[in-house]
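For reference, the structure discussed in these notes is given below.
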Amino acid sequence: MKIVDILSEDLVVPQMKARSKSSAIDELVHKIASVHSNVDAEQARRVLLDRERLGSTGVGQGLAIPHGKLPSLDRVIACFSRSVSGIQFDALDGNQVHLFFTLLAPKSAAGLHLKALARASRLFKSQAFRGELLEAKSRDEIYQLIKLQDEQLTLLAATHG
């Protein structure tokens, strides 16, 4: 699974308005629902907040990967959002989160959900890449950086079989 298959440029938010964890989740789900009419924002919000109660999806190093499953979906969708100033998100390392990669998957597709999570984790593993995302000046530049990193992951996987 490639990130570009689940993330469209219109779901890249170069600067979030949110200042708290709950407002960040609100902003993320409203952005997704504005692009995907089959996503119920309130249901998605509830799913993501329920997941956060199990343990923060703030994985550390300035990254959070909020995720959940919705019955209304027929495919995995993603949204990338950035907060240059950072948001306190109860991350595992205690630091603020600047980069959010939100995943929503069909309720019946646990395998796809896990593949998307694994791909996102690999994509954002590089500190240099995360730094480039923070420095990017526009939505297009952010999307192009993600696309390039995604292509490099695919090439790396192909050469290491």
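Chain labels follow the order of the structure tokens: the first chain is A, the next B, and so on; residue numbering restarts at 1 in every chain, and ligands are counted from 1 in their shown order.
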Where in region 29-123 of chain A does DSSP assign strand (DSSP E), given as an NGL selection string? :A and (58-60 or 63-64 or 67-70 or 77-87 or 97-106)
Kindly save the residues from that selection, with C-alpha atoms included, as a compact mmCIF listing (two decimals), in the first residue's frame.
# COMPACT_ATOMS: atom_id res chain seq x y z
CA GLY A 58 1.29 10.64 19.69
CA VAL A 59 4.18 8.31 18.89
CA GLY A 60 6.89 10.82 19.76
CA LEU A 63 4.44 12.86 15.22
CA ALA A 64 0.95 11.55 15.93
CA HIS A 67 -6.48 6.26 13.50
CA GLY A 68 -9.73 4.36 13.63
CA LYS A 69 -12.29 2.34 11.70
CA LEU A 70 -15.63 3.50 10.34
CA ILE A 77 -8.31 7.40 3.66
CA ALA A 78 -5.65 9.64 5.15
CA CYS A 79 -5.17 13.28 6.07
CA PHE A 80 -1.84 14.97 6.79
CA SER A 81 -1.90 18.06 8.99
CA ARG A 82 0.84 20.25 10.38
CA SER A 83 1.01 22.51 13.42
CA VAL A 84 4.22 24.53 13.22
CA SER A 85 3.78 25.78 16.80
CA GLY A 86 2.92 22.29 18.10
CA ILE A 87 0.05 20.81 20.11
CA VAL A 97 3.14 17.13 18.19
CA HIS A 98 3.71 19.05 14.96
CA LEU A 99 2.85 16.42 12.34
CA PHE A 100 -0.45 14.53 12.26
CA PHE A 101 -1.13 11.65 9.91
CA THR A 102 -4.75 10.61 10.40
CA LEU A 103 -5.98 7.28 9.06
CA LEU A 104 -9.56 6.10 8.76
CA ALA A 105 -10.24 2.60 7.51
CA PRO A 106 -13.30 0.46 6.78
Applying 7 Å and only C-alpha atoms, which residues near region 26-34 of chain A remain after dropping the ones on its own chain fewer than 3 positions away? List them as a ChimeraX atom specification. /A:11,18,22-23,37,39-41,44-45,79
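Atom to atom, CA of Glu42 (chain A) and CA of Leu117 (chain A) stand 22.3 Å apart.
The space separating CA of Thr154 (chain A) from CA of Lys2 (chain A) comes to 7.7 Å.
Interatomic distance, CA of Gln149 (chain A) against CA of Val13 (chain A): 17.8 Å.
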Can you list, as a ChimeraX atom specification, every residue of chain A that DSSP puts in helix (DSSP H, G or I)? /A:3-5,9-11,21-35,41-54,110-123,127-135,139-159
Taking 6 positions as the minimum chain separation for residues in the same chain, which residues sit within 12 Å of region 139-145 of chain A when counting only C-alpha atoms? Answer as a list of chain:residue names.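 The residues satisfying every condition are A:Ile3, A:Val4, A:Leu7, A:Ser8, A:Glu9, A:Asp10, A:Leu11, A:Val12, A:Val13, A:Pro14, A:Gln15, A:Met16, A:Cys79, A:Phe80, A:Ser81, A:Arg82, A:Leu99, A:Leu123, A:Phe124, A:Ala128, A:Phe129, A:Arg130, A:Gly131, A:Glu132, A:Leu133, A:Glu151, A:Gln152.
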Within 10 Å of Glu52 (chain A) using only C-alpha atoms, minus same-chain residues under 5 positions, as a list in words: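 These residues fall inside the cut-off: Lys21, Ile25, Arg46, Val47, Thr57, Gly58, Pro66, His67, Gly68, Phe89 and Asp90 of chain A.
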Go through A:Lys125, A:Ala157, A:Arg75, A:Ala136 one by one, measure the shortest atom-to-atom distance of each to Ala110 (chain A) using only C-alpha atoms, and give the residue with the smallest value.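 Using only C-alpha atoms, the shortest distance to Ala110 (chain A) belongs to A:Arg75.
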Would you mind telling me which residue in A:Ala24, A:Ile65, A:Leu54, A:Val76 lies nearest to Ala120 (chain A) when using only C-alpha atoms?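 The answer is A:Ile65, which sits nearest to Ala120 (chain A).
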Determine the nearest neighbour of Ser126 (chain A) from the options A:Asp150, A:Ala109, A:Ser138, A:Gln43, counting only C-alpha atoms.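 Result for the nearest residue to Ser126 (chain A): A:Asp150.
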